[in-house]
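With PDB, C-alpha atoms inside, this is my_file-v1.pdb:
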```pdb
ATOM      1  CA  MET A 212     -53.403   7.138  55.353
ATOM      2  CA  GLY A 213     -52.128  10.137  53.448
ATOM      3  CA  LEU A 214     -52.620   8.474  50.076
ATOM      4  CA  SER A 215     -55.295   9.568  47.641
ATOM      5  CA  GLU A 216     -58.230   7.282  47.026
ATOM      6  CA  GLY A 217     -57.186   6.137  43.571
ATOM      7  CA  VAL A 218     -53.797   5.049  44.871
ATOM      8  CA  GLN A 219     -55.489   3.218  47.741
ATOM      9  CA  VAL A 220     -57.874   1.321  45.453
ATOM     10  CA  VAL A 221     -55.137   0.351  43.006
ATOM     11  CA  SER A 222     -52.823  -0.828  45.769
ATOM     12  CA  PHE A 223     -55.676  -2.755  47.393
ATOM     13  CA  LEU A 224     -56.352  -4.552  44.106
ATOM     14  CA  ILE A 225     -52.664  -5.370  43.586
ATOM     15  CA  LEU A 226     -52.197  -6.543  47.176
ATOM     16  CA  SER A 227     -55.300  -8.724  47.233
ATOM     17  CA  ALA A 228     -54.368 -10.324  43.901
ATOM     18  CA  MET A 229     -50.900 -10.977  45.345
ATOM     19  CA  VAL A 230     -52.318 -12.500  48.536
ATOM     20  CA  LEU A 231     -54.933 -14.691  46.877
ATOM     21  CA  GLY A 232     -52.720 -15.843  43.995
ATOM     22  CA  GLY A 233     -49.883 -16.602  46.382
ATOM     23  CA  ALA A 234     -52.206 -18.542  48.672
ATOM     24  CA  VAL A 235     -53.438 -20.670  45.761
ATOM     25  CA  GLY A 236     -49.810 -21.332  44.875
ATOM     26  CA  VAL A 237     -48.971 -22.299  48.475
ATOM     27  CA  VAL A 238     -51.752 -24.857  48.475
ATOM     28  CA  LEU A 239     -51.387 -26.265  44.962
ATOM     29  CA  LEU A 240     -47.694 -26.179  44.009
ATOM     30  CA  ARG A 241     -45.885 -29.494  44.057
ATOM     31  CA  SER A 242     -42.527 -28.258  45.325
ATOM     32  CA  MET A 243     -42.459 -27.548  49.061
ATOM     33  CA  VAL A 244     -39.669 -24.967  48.757
ATOM     34  CA  HIS A 245     -41.638 -22.966  46.199
ATOM     35  CA  SER A 246     -44.662 -23.120  48.512
ATOM     36  CA  ALA A 247     -42.628 -21.812  51.438
ATOM     37  CA  PHE A 248     -41.245 -18.845  49.491
ATOM     38  CA  LEU A 249     -44.724 -18.036  48.136
ATOM     39  CA  LEU A 250     -45.946 -18.133  51.744
ATOM     40  CA  GLY A 251     -43.493 -15.344  52.580
ATOM     41  CA  PHE A 252     -44.853 -13.424  49.584
ATOM     42  CA  VAL A 253     -48.401 -13.833  50.945
ATOM     43  CA  PHE A 254     -47.292 -12.576  54.387
ATOM     44  CA  VAL A 255     -45.766  -9.440  52.833
ATOM     45  CA  GLY A 256     -49.004  -8.833  50.916
ATOM     46  CA  VAL A 257     -51.056  -9.168  54.095
ATOM     47  CA  ALA A 258     -48.739  -6.645  55.786
ATOM     48  CA  GLY A 259     -49.469  -4.241  52.923
ATOM     49  CA  LEU A 260     -53.214  -4.696  53.510
ATOM     50  CA  TYR A 261     -52.628  -3.812  57.194
ATOM     51  CA  VAL A 262     -50.910  -0.580  56.130
ATOM     52  CA  LEU A 263     -53.970   0.257  54.016
ATOM     53  CA  LEU A 264     -56.098  -0.298  57.139
ATOM     54  CA  ASN A 265     -54.109   2.263  59.221
ATOM     55  CA  ALA A 266     -52.479  -0.490  61.318
ATOM     56  CA  ASP A 267     -48.812   0.305  60.869
ATOM     57  CA  PHE A 268     -47.595  -1.355  64.084
ATOM     58  CA  VAL A 269     -49.325  -4.629  63.249
ATOM     59  CA  ALA A 270     -47.908  -4.469  59.716
ATOM     60  CA  ALA A 271     -44.383  -4.118  61.116
ATOM     61  CA  ALA A 272     -45.013  -6.970  63.572
ATOM     62  CA  GLN A 273     -46.371  -9.103  60.713
ATOM     63  CA  VAL A 274     -43.221  -8.597  58.640
ATOM     64  CA  LEU A 275     -40.934  -9.223  61.623
ATOM     65  CA  ILE A 276     -42.702 -12.272  63.056
ATOM     66  CA  TYR A 277     -44.190 -14.012  60.031
ATOM     67  CA  VAL A 278     -41.660 -13.269  57.296
ATOM     68  CA  GLY A 279     -38.683 -13.164  59.632
ATOM     69  CA  ALA A 280     -39.438 -16.003  62.033
ATOM     70  CA  VAL A 281     -42.276 -18.320  61.004
ATOM     71  CA  ASN A 282     -41.301 -18.540  57.342
ATOM     72  CA  VAL A 283     -37.647 -19.217  58.159
ATOM     73  CA  LEU A 284     -38.766 -21.872  60.655
ATOM     74  CA  ILE A 285     -40.853 -23.556  57.951
ATOM     75  CA  LEU A 286     -37.909 -23.453  55.544
ATOM     76  CA  PHE A 287     -35.701 -25.103  58.178
ATOM     77  CA  ALA A 288     -38.343 -27.788  58.714
ATOM     78  CA  ILE A 289     -38.458 -28.459  54.963
ATOM     79  CA  MET A 290     -34.682 -28.791  54.942
ATOM     80  CA  LEU A 291     -34.695 -31.210  57.902
ATOM     81  CA  VAL A 292     -37.655 -33.281  56.741
ATOM     82  CA  ASN A 293     -36.237 -34.105  53.356
ATOM     83  CA  LYS A 294     -38.706 -36.755  52.300
ATOM     84  CA  ARG A 295     -40.598 -36.922  49.044
ATOM     85  CA  ILE A 296     -44.142 -38.212  49.301
ATOM     86  CA  PRO A 297     -45.077 -40.513  46.431
ATOM     87  CA  PRO A 298     -47.610 -38.676  44.277
ATOM     88  CA  SER A 299     -51.173 -39.778  44.608
ATOM     89  CA  LYS A 300     -53.066 -41.249  41.727
ATOM     90  CA  PRO A 301     -53.559 -38.873  38.801
ATOM     91  CA  GLY A 302     -56.966 -37.386  38.326
ATOM     92  CA  ILE A 303     -59.211 -35.632  40.803
ATOM     93  CA  SER A 304     -59.782 -37.653  43.956
ATOM     94  CA  ALA A 305     -63.086 -37.693  45.802
ATOM     95  CA  ARG A 306     -61.534 -35.948  48.819
ATOM     96  CA  ASN A 307     -60.286 -33.008  46.754
ATOM     97  CA  SER A 308     -63.542 -32.498  44.893
ATOM     98  CA  ILE A 309     -65.698 -32.749  48.032
ATOM     99  CA  THR A 310     -63.415 -30.311  49.849
ATOM    100  CA  GLY A 311     -63.508 -27.924  46.883
ATOM    101  CA  ILE A 312     -67.298 -27.952  46.880
ATOM    102  CA  VAL A 313     -67.410 -27.394  50.656
ATOM    103  CA  CYS A 314     -64.955 -24.494  50.396
ATOM    104  CA  LEU A 315     -66.906 -22.837  47.575
ATOM    105  CA  GLY A 316     -70.093 -23.223  49.609
ATOM    106  CA  LEU A 317     -68.398 -21.739  52.673
ATOM    107  CA  PHE A 318     -67.174 -18.781  50.619
ATOM    108  CA  ALA A 319     -70.655 -18.205  49.176
ATOM    109  CA  LEU A 320     -72.156 -18.338  52.675
ATOM    110  CA  LEU A 321     -69.591 -15.885  54.037
ATOM    111  CA  ALA A 322     -70.041 -13.503  51.086
ATOM    112  CA  VAL A 323     -73.830 -13.493  51.427
ATOM    113  CA  SER A 324     -73.622 -12.867  55.157
ATOM    114  CA  ILE A 325     -71.040 -10.078  54.657
ATOM    115  CA  TYR A 326     -73.410  -8.257  52.319
ATOM    116  CA  GLN A 327     -76.497  -8.819  54.462
ATOM    117  CA  VAL A 328     -75.247  -7.554  57.823
ATOM    118  CA  PRO A 329     -75.894  -3.818  58.302
ATOM    119  CA  TRP A 330     -72.457  -2.756  59.540
ATOM    120  CA  ASN A 331     -72.315   0.293  61.797
ATOM    121  CA  ILE A 332     -69.472   1.877  59.831
ATOM    122  CA  GLN A 333     -67.679   4.876  61.297
ATOM    123  CA  THR A 334     -65.186   7.060  59.498
ATOM    124  CA  PRO A 335     -61.641   5.796  60.023
ATOM    125  CA  ILE A 336     -59.433   8.142  62.032
ATOM    126  CA  PRO A 337     -55.712   7.943  61.229
ATOM    127  CA  MET A 338     -53.799   8.120  64.493
ATOM    128  CA  ASN A 339     -50.534   7.076  66.061
ATOM    129  CA  THR A 340     -51.319   3.449  66.769
ATOM    130  CA  VAL A 341     -47.996   2.638  68.412
ATOM    131  CA  ILE A 342     -48.620   4.920  71.390
ATOM    132  CA  GLU A 343     -52.238   3.810  71.684
ATOM    133  CA  ILE A 344     -51.354   0.095  71.580
ATOM    134  CA  GLY A 345     -48.602   0.579  74.173
ATOM    135  CA  LYS A 346     -50.975   2.395  76.531
ATOM    136  CA  ARG A 347     -53.591  -0.331  76.243
ATOM    137  CA  PHE A 348     -51.158  -3.195  76.654
ATOM    138  CA  PHE A 349     -50.019  -1.791  79.970
ATOM    139  CA  SER A 350     -53.439  -0.809  81.292
ATOM    140  CA  GLU A 351     -56.497  -2.886  80.449
ATOM    141  CA  PHE A 352     -54.752  -5.722  78.540
ATOM    142  CA  LEU A 353     -51.945  -6.226  81.059
ATOM    143  CA  LEU A 354     -53.018  -9.711  82.196
ATOM    144  CA  PRO A 355     -53.336 -11.201  78.662
ATOM    145  CA  PHE A 356     -50.037  -9.569  77.736
ATOM    146  CA  GLU A 357     -48.242 -11.305  80.594
ATOM    147  CA  ILE A 358     -50.003 -14.608  79.872
ATOM    148  CA  VAL A 359     -48.792 -14.411  76.265
ATOM    149  CA  SER A 360     -45.233 -14.007  77.486
ATOM    150  CA  VAL A 361     -45.616 -17.144  79.637
ATOM    151  CA  LEU A 362     -47.140 -18.947  76.633
ATOM    152  CA  LEU A 363     -44.164 -18.041  74.440
ATOM    153  CA  LEU A 364     -41.737 -19.305  77.080
ATOM    154  CA  LEU A 365     -43.695 -22.566  77.384
ATOM    155  CA  ALA A 366     -43.778 -23.002  73.607
ATOM    156  CA  MET A 367     -40.020 -22.493  73.424
ATOM    157  CA  VAL A 368     -39.328 -25.076  76.147
ATOM    158  CA  GLY A 369     -41.874 -27.481  74.678
ATOM    159  CA  ALA A 370     -40.447 -27.211  71.164
ATOM    160  CA  ILE A 371     -36.931 -27.892  72.445
ATOM    161  CA  ILE A 372     -38.096 -30.908  74.451
ATOM    162  CA  LEU A 373     -40.160 -32.316  71.577
ATOM    163  CA  ALA A 374     -37.452 -31.899  68.967
ATOM    164  CA  GLN A 375     -34.451 -33.124  70.952
ATOM    165  CA  ARG A 376     -33.175 -36.681  70.682
ATOM    166  CA  GLU A 377     -33.725 -38.835  73.730
ATOM    167  CA  PHE A 378     -30.819 -41.197  73.115
ATOM    168  CA  ILE A 379     -27.938 -41.523  70.706
ATOM    169  CA  PRO A 380     -28.196 -44.832  68.854
ATOM    170  CA  ASP A 381     -25.236 -47.147  68.492
ATOM    171  CA  ARG A 382     -23.470 -47.295  65.193
ATOM    172  CA  VAL A 383     -24.324 -50.403  63.186
ATOM    173  CA  ALA A 384     -21.471 -51.840  61.145
ATOM    174  CA  GLY A 385     -21.969 -50.711  57.577
ATOM    175  CA  GLY A 386     -25.101 -48.822  58.515
ATOM    176  CA  PRO A 387     -25.780 -45.117  58.213
ATOM    177  CA  GLU A 388     -24.306 -42.449  60.445
ATOM    178  CA  PRO A 389     -26.145 -42.591  63.830
ATOM    179  CA  LEU A 390     -27.172 -38.926  63.980
ATOM    180  CA  ALA A 391     -27.798 -38.421  60.275
ATOM    181  CA  LEU A 392     -31.334 -37.593  59.299
ATOM    182  CA  PRO A 393     -32.874 -40.177  57.007
ATOM    183  CA  GLU A 394     -32.856 -38.588  53.590
ATOM    184  CA  ARG A 395     -34.411 -39.588  50.370
ATOM    185  CA  PRO A 396     -31.984 -41.075  47.844
ATOM    186  CA  ARG A 397     -30.768 -38.709  45.219
ATOM    187  CA  GLU A 398     -32.820 -38.953  42.072
ATOM    188  CA  GLU A 399     -31.315 -40.100  38.815
ATOM    189  CA  GLU A 400     -32.097 -36.862  37.026
ATOM    190  CA  ASP A 401     -30.212 -34.878  39.672
ATOM    191  CA  GLU A 402     -27.175 -37.050  39.096
ATOM    192  CA  ALA A 403     -27.520 -36.647  35.347
ATOM    193  CA  VAL A 404     -27.611 -32.852  35.787
ATOM    194  CA  THR A 405     -24.502 -32.928  37.983
ATOM    195  CA  ILE A 406     -22.669 -35.069  35.457
ATOM    196  CA  ALA A 407     -23.712 -32.759  32.653
ATOM    197  CA  LYS A 408     -22.443 -29.751  34.622
ATOM    198  CA  ARG A 409     -19.048 -31.356  35.010
TER     199      ARG A 409
ATOM    200  CA  MET B 923     -63.282   4.109  48.014
ATOM    201  CA  LEU B 924     -62.186   1.150  50.092
ATOM    202  CA  THR B 925     -65.046  -0.471  51.936
ATOM    203  CA  LEU B 926     -65.243  -2.921  54.797
ATOM    204  CA  ASN B 927     -66.873  -5.510  52.540
ATOM    205  CA  ALA B 928     -63.893  -5.640  50.174
ATOM    206  CA  PHE B 929     -61.489  -6.494  53.004
ATOM    207  CA  LEU B 930     -63.914  -9.026  54.480
ATOM    208  CA  LEU B 931     -64.242 -10.725  51.078
ATOM    209  CA  VAL B 932     -60.453 -10.998  50.758
ATOM    210  CA  GLY B 933     -60.341 -12.497  54.257
ATOM    211  CA  ALA B 934     -63.102 -14.984  53.428
ATOM    212  CA  ALA B 935     -61.394 -16.064  50.197
ATOM    213  CA  LEU B 936     -58.056 -16.509  51.969
ATOM    214  CA  PHE B 937     -59.787 -18.551  54.689
ATOM    215  CA  CYS B 938     -61.409 -20.847  52.127
ATOM    216  CA  ILE B 939     -58.120 -21.379  50.256
ATOM    217  CA  GLY B 940     -56.383 -22.186  53.538
ATOM    218  CA  PHE B 941     -59.154 -24.580  54.536
ATOM    219  CA  TYR B 942     -58.876 -26.388  51.197
ATOM    220  CA  GLY B 943     -55.134 -26.778  51.714
ATOM    221  CA  LEU B 944     -55.607 -27.926  55.307
ATOM    222  CA  VAL B 945     -57.917 -30.765  54.301
ATOM    223  CA  THR B 946     -56.395 -31.903  51.011
ATOM    224  CA  SER B 947     -52.627 -31.708  51.511
ATOM    225  CA  ARG B 948     -50.771 -34.847  52.566
ATOM    226  CA  ASN B 949     -47.492 -33.214  53.556
ATOM    227  CA  ALA B 950     -47.510 -32.262  57.249
ATOM    228  CA  VAL B 951     -45.439 -29.121  56.678
ATOM    229  CA  ARG B 952     -47.924 -27.943  54.065
ATOM    230  CA  VAL B 953     -50.727 -28.476  56.584
ATOM    231  CA  LEU B 954     -48.904 -26.122  58.977
ATOM    232  CA  MET B 955     -48.536 -23.557  56.170
ATOM    233  CA  SER B 956     -52.292 -23.771  55.532
ATOM    234  CA  ILE B 957     -52.946 -23.110  59.226
ATOM    235  CA  GLU B 958     -50.841 -19.956  58.939
ATOM    236  CA  LEU B 959     -53.001 -18.893  55.985
ATOM    237  CA  LEU B 960     -56.144 -19.401  58.089
ATOM    238  CA  LEU B 961     -54.739 -17.294  60.942
ATOM    239  CA  ASN B 962     -53.790 -14.530  58.502
ATOM    240  CA  ALA B 963     -57.328 -14.483  57.107
ATOM    241  CA  VAL B 964     -58.679 -14.049  60.633
ATOM    242  CA  ASN B 965     -56.200 -11.238  61.263
ATOM    243  CA  ILE B 966     -57.297  -9.377  58.121
ATOM    244  CA  ASN B 967     -60.878  -9.554  59.403
ATOM    245  CA  LEU B 968     -59.923  -8.334  62.878
ATOM    246  CA  ILE B 969     -57.978  -5.351  61.579
ATOM    247  CA  ALA B 970     -60.676  -4.437  59.063
ATOM    248  CA  PHE B 971     -63.235  -4.404  61.887
ATOM    249  CA  SER B 972     -60.848  -2.395  64.023
ATOM    250  CA  ASN B 973     -60.434   0.219  61.305
ATOM    251  CA  PHE B 974     -64.029   0.571  60.139
ATOM    252  CA  LEU B 975     -66.147  -0.220  63.204
ATOM    253  CA  ASP B 976     -63.976   0.674  66.187
ATOM    254  CA  PRO B 977     -61.525   3.396  65.162
ATOM    255  CA  ILE B 978     -61.245   4.997  68.623
ATOM    256  CA  ASN B 979     -60.419   1.969  70.813
ATOM    257  CA  ILE B 980     -58.433  -0.111  68.360
ATOM    258  CA  ARG B 981     -59.278  -3.390  70.049
ATOM    259  CA  GLY B 982     -59.051  -5.402  66.825
ATOM    260  CA  GLN B 983     -55.392  -4.535  66.433
ATOM    261  CA  LEU B 984     -54.659  -5.697  69.994
ATOM    262  CA  PHE B 985     -56.449  -8.979  69.260
ATOM    263  CA  ALA B 986     -54.463  -9.367  66.050
ATOM    264  CA  ILE B 987     -51.200  -8.978  67.977
ATOM    265  CA  PHE B 988     -52.267 -11.724  70.392
ATOM    266  CA  VAL B 989     -53.227 -13.953  67.436
ATOM    267  CA  ILE B 990     -49.819 -13.351  65.819
ATOM    268  CA  SER B 991     -47.943 -14.341  68.976
ATOM    269  CA  VAL B 992     -50.053 -17.472  69.501
ATOM    270  CA  ALA B 993     -49.478 -18.379  65.832
ATOM    271  CA  ALA B 994     -45.723 -18.102  66.300
ATOM    272  CA  ALA B 995     -45.875 -20.433  69.322
ATOM    273  CA  GLU B 996     -48.100 -22.840  67.379
ATOM    274  CA  ALA B 997     -45.700 -22.936  64.423
ATOM    275  CA  ALA B 998     -42.727 -23.739  66.666
ATOM    276  CA  VAL B 999     -44.497 -26.535  68.552
ATOM    277  CA  GLY B1000     -46.123 -27.914  65.384
ATOM    278  CA  LEU B1001     -42.854 -28.167  63.508
ATOM    279  CA  ALA B1002     -41.207 -29.808  66.525
ATOM    280  CA  ILE B1003     -44.001 -32.411  66.557
ATOM    281  CA  VAL B1004     -43.532 -32.988  62.814
ATOM    282  CA  LEU B1005     -39.800 -33.543  63.369
ATOM    283  CA  ALA B1006     -40.441 -35.981  66.237
ATOM    284  CA  ILE B1007     -42.954 -37.984  64.191
ATOM    285  CA  TYR B1008     -40.561 -38.003  61.232
ATOM    286  CA  ARG B1009     -37.851 -39.543  63.394
ATOM    287  CA  ASN B1010     -40.155 -42.229  64.737
ATOM    288  CA  ARG B1011     -42.170 -43.139  61.653
ATOM    289  CA  ASP B1012     -39.846 -42.043  58.825
ATOM    290  CA  THR B1013     -42.657 -40.303  56.967
ATOM    291  CA  ILE B1014     -44.533 -36.997  56.990
ATOM    292  CA  ASP B1015     -47.513 -38.222  55.002
ATOM    293  CA  MET B1016     -50.652 -37.225  56.911
ATOM    294  CA  ASP B1017     -52.405 -40.407  55.775
ATOM    295  CA  ASN B1018     -49.909 -42.485  57.795
ATOM    296  CA  PHE B1019     -50.322 -40.555  61.065
ATOM    297  CA  ASN B1020     -52.810 -42.976  62.573
ATOM    298  CA  LEU B1021     -51.017 -43.680  65.857
ATOM    299  CA  LEU B1022     -54.043 -42.763  67.954
ATOM    300  CA  LYS B1023     -56.633 -44.413  65.731
ATOM    301  CA  TRP B1024     -58.478 -47.287  67.449
TER     302      TRP B1024
END
```
What would the structure in this file look like if it were written as structure tokens?
Amino acid sequence: MGLSEGVQVVSFLILSAMVLGGAVGVVLLRSMVHSAFLLGFVFVGVAGLYVLLNADFVAAAQVLIYVGAVNVLILFAIMLVNKRIPPSKPGISARNSITGIVCLGLFALLAVSIYQVPWNIQTPIPMNTVIEIGKRFFSEFLLPFEIVSVLLLLAMVGAIILAQREFIPDRVAGGPEPLALPERPREEEDEAVTIAKR
Amino acid sequence: MLTLNAFLLVGAALFCIGFYGLVTSRNAVRVLMSIELLLNAVNINLIAFSNFLDPINIRGQLFAIFVISVAAAEAAVGLAIVLAIYRNRDTIDMDNFNLLKW
């Protein structure tokens, strides 16, 4: 990295606040669409952390694959699965509080172990990672590289087979459209807003 | 000065947030989003190790690329499964996915 140390520290603080705040929003927000857009925000922040760690190729791959593909896929799934889950009982349930305690304990354990291990830290060397990664992919990591390509092909075929319809149902008189996705009925407040807009 | 511990702490916090979301959320799509958060936390750790402990042979970055591609495959198959279950059961509430229970 050609940046000075102050710039690096400030950008690390901004990026980690962005990542952690966005992740809390992804988990806790009620609206699924807001969660999905915040997830894209988190992915961009993680890509910025990769740039700080001298991993420019992985940062570019992160933006392309996560923000460009996975996030759009999740948005499409939210559009297709248009079902509102009835909200659980107000107040803090036992499951949430137990999970919160377990997560805090896990974080404390991880933090203690991070500070106790004597890491054998070497000085980072900025180098052209694209050339280095390409050389390694086609020499010592050639077999995993090819297996990953087979895995991606299998996942594509499997996703198509899982998501396709096996039969087209007959139309029932007065019933819904046969190929329409079951959607939740439009809420009253939405209708009121539309009427008010008119 | 950026240290290894700072990046590892960010990764640990992101992992714990993702784990909380994985266990507590009832929407199946949100569960998949939490899994993506977990995989990103692991990737931050791998790249931090690659930068600070192994700067000559950047093996952590190669591992992170494999993790990213497996995560993409997992997201596609997971969302296809969610769509198939939604067609059959007309819900995506995780509490109702008890087809294989007993």
Could you make a table, as a Markdown table, of the residues of stretch 964-1012 of chain B that have an atom within 12 Å of an atom of stretch 270-286 of chain A, each with its nearest atom pair and distance in Å to one decimal, counting all atoms listed in the file, in chain and number order?
```
| residue | atom | partner | partner_atom | distance |
| --- | --- | --- | --- | --- |
| B:Asn965 | CA | A:Gln273 | CA | 10.1 |
| B:Ile966 | CA | A:Ala270 | CA | 10.7 |
| B:Ile969 | CA | A:Ala270 | CA | 10.3 |
| B:Gln983 | CA | A:Ala270 | CA | 10.1 |
| B:Leu984 | CA | A:Ala272 | CA | 11.7 |
| B:Ala986 | CA | A:Gln273 | CA | 9.7 |
| B:Ile987 | CA | A:Ala272 | CA | 7.9 |
| B:Phe988 | CA | A:Ala272 | CA | 11.0 |
| B:Val989 | CA | A:Gln273 | CA | 10.8 |
| B:Ile990 | CA | A:Gln273 | CA | 7.5 |
| B:Ser991 | CA | A:Ile276 | CA | 8.2 |
| B:Val992 | CA | A:Ile276 | CA | 11.1 |
| B:Ala993 | CA | A:Val281 | CA | 8.7 |
| B:Ala994 | CA | A:Val281 | CA | 6.3 |
| B:Ala995 | CA | A:Val281 | CA | 9.3 |
| B:Glu996 | CA | A:Val281 | CA | 9.7 |
| B:Ala997 | CA | A:Val281 | CA | 6.7 |
| B:Ala998 | CA | A:Leu284 | CA | 7.4 |
| B:Val999 | CA | A:Leu284 | CA | 10.8 |
| B:Gly1000 | CA | A:Ile285 | CA | 10.1 |
| B:Leu1001 | CA | A:Ile285 | CA | 7.5 |
| B:Ala1002 | CA | A:Leu284 | CA | 10.2 |
| B:Val1004 | CA | A:Ile285 | CA | 10.9 |
| B:Leu1005 | CA | A:Ile285 | CA | 11.4 |
```
What would the file look like if the residues just selected were written as a short mmCIF file (atom, residue, chain, number, x, y, z; two decimals), keeping the file's coordinate frame with C-alpha atoms?
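Output contents, as saved in selection-v4.cif:
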```cif
data_model
loop_
_atom_site.label_atom_id
_atom_site.label_comp_id
_atom_site.auth_asym_id
_atom_site.auth_seq_id
_atom_site.Cartn_x
_atom_site.Cartn_y
_atom_site.Cartn_z
CA ASN B 965 -56.20 -11.24 61.26
CA ILE B 966 -57.30 -9.38 58.12
CA ILE B 969 -57.98 -5.35 61.58
CA GLN B 983 -55.39 -4.54 66.43
CA LEU B 984 -54.66 -5.70 69.99
CA ALA B 986 -54.46 -9.37 66.05
CA ILE B 987 -51.20 -8.98 67.98
CA PHE B 988 -52.27 -11.72 70.39
CA VAL B 989 -53.23 -13.95 67.44
CA ILE B 990 -49.82 -13.35 65.82
CA SER B 991 -47.94 -14.34 68.98
CA VAL B 992 -50.05 -17.47 69.50
CA ALA B 993 -49.48 -18.38 65.83
CA ALA B 994 -45.72 -18.10 66.30
CA ALA B 995 -45.88 -20.43 69.32
CA GLU B 996 -48.10 -22.84 67.38
CA ALA B 997 -45.70 -22.94 64.42
CA ALA B 998 -42.73 -23.74 66.67
CA VAL B 999 -44.50 -26.54 68.55
CA GLY B 1000 -46.12 -27.91 65.38
CA LEU B 1001 -42.85 -28.17 63.51
CA ALA B 1002 -41.21 -29.81 66.53
CA VAL B 1004 -43.53 -32.99 62.81
CA LEU B 1005 -39.80 -33.54 63.37
#
```
So that each row is one residue of chain A with an atom at most 6 Å from chain B, can you give its shortest atom pair and the distance in Å to one decimal, using only C-alpha atoms, rows by chain and rising number, as CSV?
```
residue,atom,partner,partner_atom,distance
A:Val238,CA,B:Gly943,CA,5.1
A:Asn307,CA,B:Thr946,CA,5.9
A:Cys314,CA,B:Cys938,CA,5.4
A:Ile332,CA,B:Leu975,CA,5.2
A:Gln333,CA,B:Leu975,CA,5.7
A:Pro335,CA,B:Pro977,CA,5.7
A:Leu363,CA,B:Ala995,CA,5.9
A:Ala366,CA,B:Ala995,CA,5.4
A:Ala370,CA,B:Val999,CA,4.9
A:Leu373,CA,B:Ala1002,CA,5.7
A:Ala374,CA,B:Ala1002,CA,4.9
```
Checklist outcome for this item: Students should find that atom CA of A:Gly256 and atom CA of A:Ser227 are spaced 7.3 Å
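When atom CA of A:Gly232 is paired with atom CA of A:Asn293, their separation reads 26.3 Å.
As for atom CA of A:Arg347 and atom CA of A:Leu214, they are spaced 27.6 Å apart.
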Next on the checklist: Running the PyMOL selection byres ((chain A and resi 242) around 12) on this model by hand, what would come out? Give it as a list in words.
Outcome noted: Gly236, Val237, Val238, Leu239, Leu240, Arg241, Met243, Val244, His245, Ser246, Ala247, Phe248, Leu249, Ile289, Asn293, Lys294, Arg295, Ile296 and Pro298 of chain A; Asn949, Val951 and Arg952 of chain B
Could you give me, as an mmCIF file with C-alpha atoms, in the frame of the given file, the residues within 7 Å of A:Gly233, counting only C-alpha atoms and dropping anything in the same chain fewer than 5 positions from it?
```cif
data_model
loop_
_atom_site.group_PDB
_atom_site.id
_atom_site.type_symbol
_atom_site.label_atom_id
_atom_site.label_comp_id
_atom_site.auth_asym_id
_atom_site.auth_seq_id
_atom_site.Cartn_x
_atom_site.Cartn_y
_atom_site.Cartn_z
ATOM 1 C CA LEU A 249 -44.724 -18.036 48.136
ATOM 2 C CA LEU A 250 -45.946 -18.133 51.744
ATOM 3 C CA PHE A 252 -44.853 -13.424 49.584
ATOM 4 C CA VAL A 253 -48.401 -13.833 50.945
#
```
